[in-house]
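K.L.:
One structure, as structure tokens, below. Some questions next.
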Amino acid sequence: MRFSESWLREWVNPASTTDELVAKLTMAGLEVDAVEPAAPDFSGVVVAEITACEPHPDADKLRVCQVNKGDETVQIVCGAANARTGIKVPLATVGAVLPTADGSFKIKKAKLRGVESFGMLCAATELGLAESADGLWEFPADAPVGDDVRDFLSLNDSVIEVDLTPNRGDCLGIAGLARETGVLTQTDLTVPEMAAVSATASDTFAVNVESAEDCPLYVGRVIKGVNSQAETPLWMQEKLRRSGIRSLGLFVDVTNYVLLELGQPMHAFDLDKLQGAIDVRRAKAAEKLTLLDDSEIELDEECLVIADASGPLALAGVMGGVETGVADGTNNIFLESACFNPITIAGRARRFGLHTDSSHRFERGVEPGLQEQAIERATALILEYAGGEAGPVETQGDVEQREAIALRRERVEQVLGLSVEDAVIEEALQRLGMTVVAADNGWQVTPPQARYDITIEVDLIEEVARIVGYDNIPAAEGFAASLAAEVPEDKLNDGDLRDHLVSRDYFEAVTWSFVEPEFQSALFPDEDAKHLANPISADMAAMRVSLLPGLLRTVAHNANRQASRVRLFETGLRFIQTDGELQQRRTLAGAVWGLAQDEQWSEAARAVDFYDVKADLEGLLDLLDADIEWRAADVHLLHPGQSAQELANGVVVGFVGVLHPSLLKACKLKKAPVVFEFDLDRLERLRRVPSFSPVSRFPEVRRDLAVVVPDSTTAAELQTVLAKAACELLVGSWVFDVYTGEGIDSGFKSVALAFVLQDKTATLVEEKVDAAVNDIIAALTDEIGATVRE
């Protein structure tokens with residue numbers, strides 16, 4: 001929120017400099033983003049009156065004006081269309097310095113078409129106080145001639161911009177900021193007089209609120225016979241400008257002024273355009289409304305609207321409609337001041353691509369009960385400057401009273417770590433507008449209606465801490481009993497997985513849990529993804545059923561920026577819908593693309609392949625105490641000839657493979673990456689527990705065996721048979737050659753196996769080795785149909 005420091009000081013004027021005030025606000029949680037001058041640096045500009053105005057003798061569009069600047073009358077040549085006798089305007093005298101976009105320039109005596117000019121009459125834009133202007137800036141008739149414009153407009157002021165957290169909607173007005181400032185500086189408030197305006201007319205307009213939950217309080221008032229041509233007073237225009245709001249006419253300016261002053265959004269309807277009665281209701285399906293910005297929106301039952309007999313008039317809490325807005329010919333108005341449920345208003349503006357001052361406040365919560373004060377304030381201002389007769393205030397609904405919260409003295413000291421005097425606590429809370437009643441062990445505190453964020457005891461303690469000052473809380477070393485949780489040794493730790501992959505030259509990535517629906521469907525067409533009702537953006541509208549969509553987008557991002565080698569992994573949650581229920585599954589996934597190794601002198605560059613990544617994962621699976629099996633897989637997103645599933649104790653726990661060529665375009669890649677994914681929930685209790693195994697003192701014996709087996713036989717099948725046949729003696733086995741060709745029948749292959757035998761109790765004799773080899777041959781023959789190759 002932007003506000004003028006001088007406006008704040010009208011309400012509360014502490015003996016603090018601007019810098020000190022900004023520091024106090026920031027330390028109290030109202031972070032100040034910026035402090036800037038209320039006006040650009042200019043000098044030598046005074047209030048002047050045009051006493052005579054005649055056409056230029058040699059230029060149709062110029063006028064020669066005689067201008068009284070207080071101490072003398074000077075001649076000015078001016079080209080503004082609104083230059084005329086009797087108006088008061090800013091005059092930049094000879095020697096004045098005016099701001100420009102790239103610096104400043106000095107006013108000098110000049111001669112225009114042969115006529116001397118001793119200065120320049122100014123528009124607001126030429127003083128840097130407006131973005132556009134139609135002519136000279138006309139001051140009120142009572143503006144003191146000869147006064148410096150900076151003094152006349154109080155421009156030696158600062159504009160402060162505060163970045164408020166969503167829970168501090170009570171500070172979205174000068175009144176709330178003044179209350180905070182008064183507490184922080186222990187300064188009393190000087191609240192402007194806002195007396196109730198007595199009704200001088202009996203006119204009312206019927207109001208019906210269908211849902212008290214959506215709109216707990218609605219206040220309206222008719223004002224008849226107003227002057228639609230009345231101008232907004234200069235002081236109000238200046239306060240609006242310094243708050244970042246452009247003047248749009250008296251009635252709109254008054255509602256904006258009250259919004260900034262009290263924090264209560266309001267709206268003014270043209271009474272003569274209303275039909276029947278005001279209805280505060282939910283919209284009907286397919287109803288349409290043209291807003292004040294001329295945009296047309298289609299409504300549904302989730303939208304709260306202000307309507308009459310003709311249909312919706314305004315999107316409640318967001319923006320009014322163009323059809324019933326006040327205009328130049330408005331003579332009678334209906335003022336609206338309401339309290340809407342923040343939950344009802346939240347998200348409605350963003351849904352239609354809007355963000356207004358009203359929606360910003362209503363989404364955070366506007367103080368219930370403030371509505372009548374706001375409508376009285378607006379009524380008084382309109383009657384003062386536009387005349388008219390006010391009808392009685394009509395109120396629908398009531399304000400629910402807040403319940404008291406118990407605040408314990410010892411709890412304050414326990415949480416803050418310091419003792420705060422009772423008087424300090426009571427004064428701080430009372431200055432914040434709270435009702436404080438002493439109790440046996442502390443106080444019963446009733447928060448003000450505006451403080452939606454104060455609901456429990458620690459909220460009150462936080463308020464005490466803010467007012468005492470976070471920087472006044474002494475630093476102390478914390479202490480607490482350490483209760484180490486019992487962690488089973490067989491529980492697989494995500495950190496172990498990360499450490500292993502990092503040691504294999506992977507980088508950990510963190511991607512969004514929300515992904516592009518179309519891209520995810522291309523990768524996983526059979527998965528029913530959960531779609532978001534109010535996504536951040538269209539390409540983040542579905543919850544991920546796998547970590548791979550985010551990783552593949554990250555790979556493409558790096559590949560498109562000349563990365564030659566990308567190795568990424570991520571641990572996180574994926575979201576699966578099963579029988580209508582959304583389940584979260586802990587997952588590890590990775591994507592590898594580009595070169596297998598960084599460019600080097602000792603080895604030729606080559607692309608990473610399936611077996612490179614499989615080797616990384618075999619090391620990872622060595623962390624498990626389980627029977628691991630690799631099996632050819634049929635996974636939609638993987639190349640059918642370069643993919644596999646991993647099984648642990650017979651249960652599928654993951655997959656690995658080269659991305660299917662048909663998906664490269666969707667992934668925005670030219671070369672296929674190798675991807676993998678594991679379900680960590682299925683691996684959680686499979687961690688290998690360290691155990692001691694004595695080292696045998698007896699020698700090992702290696703034997704080689706070549707067998708002819710069907711082409712479909714896998715190395716894993718052969719090694720499984722070996723392990724069963726010689727389980728007590730087998731130390732290890734591996735395939736060291738595969739041959740097909742001459743001497744081998746079609747549909748078969750020759751596989752050369754090496755296996756190592758060792759007895760832990762004695763030296764193996766030839767007879768025992770031969771017996772073990774014969775057992776292995778018999779098992780291979782019986783279970784796989786292998787024949788020994790001579």
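Identifiers in this document derive from the order of the structure tokens: chains are assigned A, B, ..., residues are numbered from 1 separately in each chain, and ligands are numbered from 1 in order of occurrence.
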If you run DSSP on this backbone, which residues of stretch 371-425 of chain A come out as strand (DSSP E), and could you give them as a short mmCIF file (atom, residue, chain, number, x, y, z; two decimals) with C-alpha atoms, in the first residue's frame?

P.N.:
```cif
data_model
loop_
_atom_site.label_atom_id
_atom_site.label_comp_id
_atom_site.auth_asym_id
_atom_site.auth_seq_id
_atom_site.Cartn_x
_atom_site.Cartn_y
_atom_site.Cartn_z
CA GLU A 389 -30.13 15.46 0.40
CA ALA A 390 -29.27 12.25 2.22
CA GLU A 394 -30.32 1.26 5.63
CA THR A 395 -28.57 -1.72 7.25
CA GLN A 396 -29.03 -5.42 6.46
CA GLY A 397 -27.36 -7.96 8.75
CA ILE A 405 -8.90 -15.00 24.43
CA ALA A 406 -7.07 -15.94 27.61
CA LEU A 407 -3.52 -14.55 27.79
CA ARG A 408 -1.37 -16.02 30.56
#
```

K.L.:
Tell me which protein, DNA and RNA residues are within 6 Å of stretch 217-225 of chain A, counting only C-alpha atoms, leaving out same-chain ones fewer than 3 positions away, and put them as an mmCIF file with N, CA, C and O atoms, in the first residue's frame.

P.N.:
```cif
data_model
loop_
_atom_site.group_PDB
_atom_site.id
_atom_site.type_symbol
_atom_site.label_atom_id
_atom_site.label_comp_id
_atom_site.auth_asym_id
_atom_site.auth_seq_id
_atom_site.Cartn_x
_atom_site.Cartn_y
_atom_site.Cartn_z
ATOM 1 N N THR A 204 -35.400 5.826 0.359
ATOM 2 C CA THR A 204 -34.614 4.619 0.595
ATOM 3 C C THR A 204 -34.703 3.735 -0.649
ATOM 4 O O THR A 204 -35.508 3.989 -1.545
ATOM 5 N N ASN A 331 -27.813 12.461 -11.083
ATOM 6 C CA ASN A 331 -28.400 13.406 -10.127
ATOM 7 C C ASN A 331 -28.711 12.762 -8.781
ATOM 8 O O ASN A 331 -28.766 13.451 -7.766
ATOM 9 N N ASN A 332 -28.912 11.462 -8.797
ATOM 10 C CA ASN A 332 -29.246 10.733 -7.571
ATOM 11 C C ASN A 332 -28.364 9.492 -7.478
ATOM 12 O O ASN A 332 -28.180 8.785 -8.469
ATOM 13 N N ILE A 333 -27.815 9.228 -6.313
ATOM 14 C CA ILE A 333 -26.905 8.094 -6.173
ATOM 15 C C ILE A 333 -27.340 7.194 -5.024
ATOM 16 O O ILE A 333 -28.059 7.617 -4.109
ATOM 17 N N PHE A 334 -26.911 5.932 -5.115
ATOM 18 C CA PHE A 334 -27.110 4.966 -4.037
ATOM 19 C C PHE A 334 -25.724 4.489 -3.608
ATOM 20 O O PHE A 334 -24.990 3.871 -4.390
ATOM 21 N N LEU A 335 -25.352 4.819 -2.376
ATOM 22 C CA LEU A 335 -24.045 4.433 -1.845
ATOM 23 C C LEU A 335 -24.129 3.047 -1.220
ATOM 24 O O LEU A 335 -25.067 2.761 -0.469
ATOM 25 N N GLU A 336 -23.136 2.220 -1.522
ATOM 26 C CA GLU A 336 -23.060 0.862 -0.978
ATOM 27 C C GLU A 336 -21.793 0.718 -0.150
ATOM 28 O O GLU A 336 -20.708 1.120 -0.564
ATOM 29 N N SER A 337 -21.937 0.131 1.030
ATOM 30 C CA SER A 337 -20.798 -0.196 1.883
ATOM 31 C C SER A 337 -21.110 -1.541 2.526
ATOM 32 O O SER A 337 -22.057 -1.653 3.295
ATOM 33 N N ALA A 338 -20.326 -2.565 2.192
ATOM 34 C CA ALA A 338 -20.683 -3.920 2.617
ATOM 35 C C ALA A 338 -19.494 -4.640 3.230
ATOM 36 O O ALA A 338 -18.335 -4.234 3.077
ATOM 37 N N CYS A 339 -19.813 -5.713 3.946
ATOM 38 C CA CYS A 339 -18.799 -6.631 4.475
ATOM 39 C C CYS A 339 -19.046 -7.988 3.835
ATOM 40 O O CYS A 339 -20.123 -8.577 4.006
ATOM 41 N N GLY A 388 -26.927 18.122 -2.216
ATOM 42 C CA GLY A 388 -27.885 17.031 -2.223
ATOM 43 C C GLY A 388 -28.511 16.792 -0.868
ATOM 44 O O GLY A 388 -28.202 17.465 0.127
ATOM 45 N N GLU A 389 -29.429 15.836 -0.824
ATOM 46 C CA GLU A 389 -30.127 15.462 0.400
ATOM 47 C C GLU A 389 -29.940 13.972 0.650
ATOM 48 O O GLU A 389 -30.166 13.154 -0.244
ATOM 49 N N ALA A 390 -29.555 13.649 1.869
ATOM 50 C CA ALA A 390 -29.270 12.254 2.221
ATOM 51 C C ALA A 390 -30.473 11.614 2.878
ATOM 52 O O ALA A 390 -31.110 12.205 3.754
ATOM 53 N N GLY A 391 -30.759 10.393 2.465
ATOM 54 C CA GLY A 391 -31.799 9.611 3.108
ATOM 55 C C GLY A 391 -31.248 8.875 4.313
ATOM 56 O O GLY A 391 -30.061 8.970 4.634
ATOM 57 N N VAL A 393 -29.777 5.820 6.677
ATOM 58 C CA VAL A 393 -28.871 4.686 6.439
ATOM 59 C C VAL A 393 -29.667 3.395 6.614
ATOM 60 O O VAL A 393 -30.329 3.195 7.632
ATOM 61 N N GLU A 394 -29.627 2.541 5.582
ATOM 62 C CA GLU A 394 -30.324 1.256 5.627
ATOM 63 C C GLU A 394 -29.296 0.145 5.854
ATOM 64 O O GLU A 394 -28.316 0.032 5.108
ATOM 65 N N THR A 395 -29.523 -0.667 6.897
ATOM 66 C CA THR A 395 -28.566 -1.723 7.253
ATOM 67 C C THR A 395 -29.235 -3.083 7.205
ATOM 68 O O THR A 395 -30.323 -3.273 7.774
ATOM 69 N N GLN A 396 -28.577 -4.026 6.513
ATOM 70 C CA GLN A 396 -29.032 -5.419 6.463
ATOM 71 C C GLN A 396 -27.946 -6.294 7.078
ATOM 72 O O GLN A 396 -26.807 -6.287 6.643
ATOM 73 N N GLY A 397 -28.324 -7.062 8.120
ATOM 74 C CA GLY A 397 -27.356 -7.956 8.751
ATOM 75 C C GLY A 397 -26.876 -7.425 10.084
ATOM 76 O O GLY A 397 -27.300 -6.374 10.566
ATOM 77 N N ASP A 398 -25.951 -8.136 10.672
ATOM 78 C CA ASP A 398 -25.449 -7.778 11.994
ATOM 79 C C ASP A 398 -24.004 -8.241 12.108
ATOM 80 O O ASP A 398 -23.528 -9.072 11.321
#
```

K.L.:
Using only C-alpha atoms for the distances, tell me which of A:Lys768, A:Arg682, A:Arg242, A:Arg364 is nearest to A:Ala726.

P.N.:
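Selected residue with least distance to A:Ala726: A:Lys768.
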
K.L.:
For atom CA of A:Leu315 and atom CA of A:Ala386, quote the distance in Å rounded to one decimal.

P.N.:
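Separating atom CA of A:Leu315 from atom CA of A:Ala386 is a distance of 27.2 Å.
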
K.L.:
May I ask which of the residues A:Pro90, A:Gly657, A:Pro342, A:Gly743 is the closest one to A:Glu126, counting only C-alpha atoms?

P.N.:
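Nearest candidate to A:Glu126 out of A:Pro90, A:Gly657, A:Pro342, A:Gly743: A:Pro90.
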
K.L.:
Would you please work out which residue, of A:Leu189, A:Val254, A:Val769, A:Val35, is nearest to A:Val162 when using only C-alpha atoms?

P.N.:
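Nearest to A:Val162: A:Val35.
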
K.L.:
Can you tell me, as a list in words, what residues are no more than 6 Å from A:Ala277 when counting only C-alpha atoms, ignoring any on the same chain fewer than 5 positions away?

P.N.:
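Counting only C-alpha atoms, the residues come to Ala206, Val207 and Asp308 of chain A.
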
K.L.:
Would you tabulate, counting only C-alpha atoms, all residues of stretch 423-517 of chain A that have an atom at most 7 Å from an atom of stretch 547-553 of chain A, showing the closest pair of atoms and their distance in Å to one decimal, sorted by chain then ascending number, as a tab-separated table?

P.N.:
```
residue	atom	partner	partner_atom	distance
A:Thr511	CA	A:Gly550	CA	5.6
A:Trp512	CA	A:Gly550	CA	6.7
A:Val515	CA	A:Gly550	CA	6.9
```

K.L.:
Just to be explicit: take each residue in the selection above, keep N, CA, C and O atoms, and write the result as a JSON list (two decimals), in the first residue's frame.

P.N.:
```json
[["chain", "number", "residue", "atom", "x", "y", "z"],
["A", 511, "THR", "N", 11.67, -30.02, -9.16],
["A", 511, "THR", "CA", 10.73, -29.51, -10.16],
["A", 511, "THR", "C", 9.35, -29.35, -9.53],
["A", 511, "THR", "O", 9.08, -29.84, -8.44],
["A", 512, "TRP", "N", 8.48, -28.66, -10.26],
["A", 512, "TRP", "CA", 7.12, -28.40, -9.77],
["A", 512, "TRP", "C", 6.32, -29.70, -9.66],
["A", 512, "TRP", "O", 6.49, -30.62, -10.46],
["A", 515, "VAL", "N", 2.18, -29.92, -13.52],
["A", 515, "VAL", "CA", 2.77, -30.08, -14.85],
["A", 515, "VAL", "C", 1.73, -29.76, -15.93],
["A", 515, "VAL", "O", 0.53, -29.60, -15.65]]
```
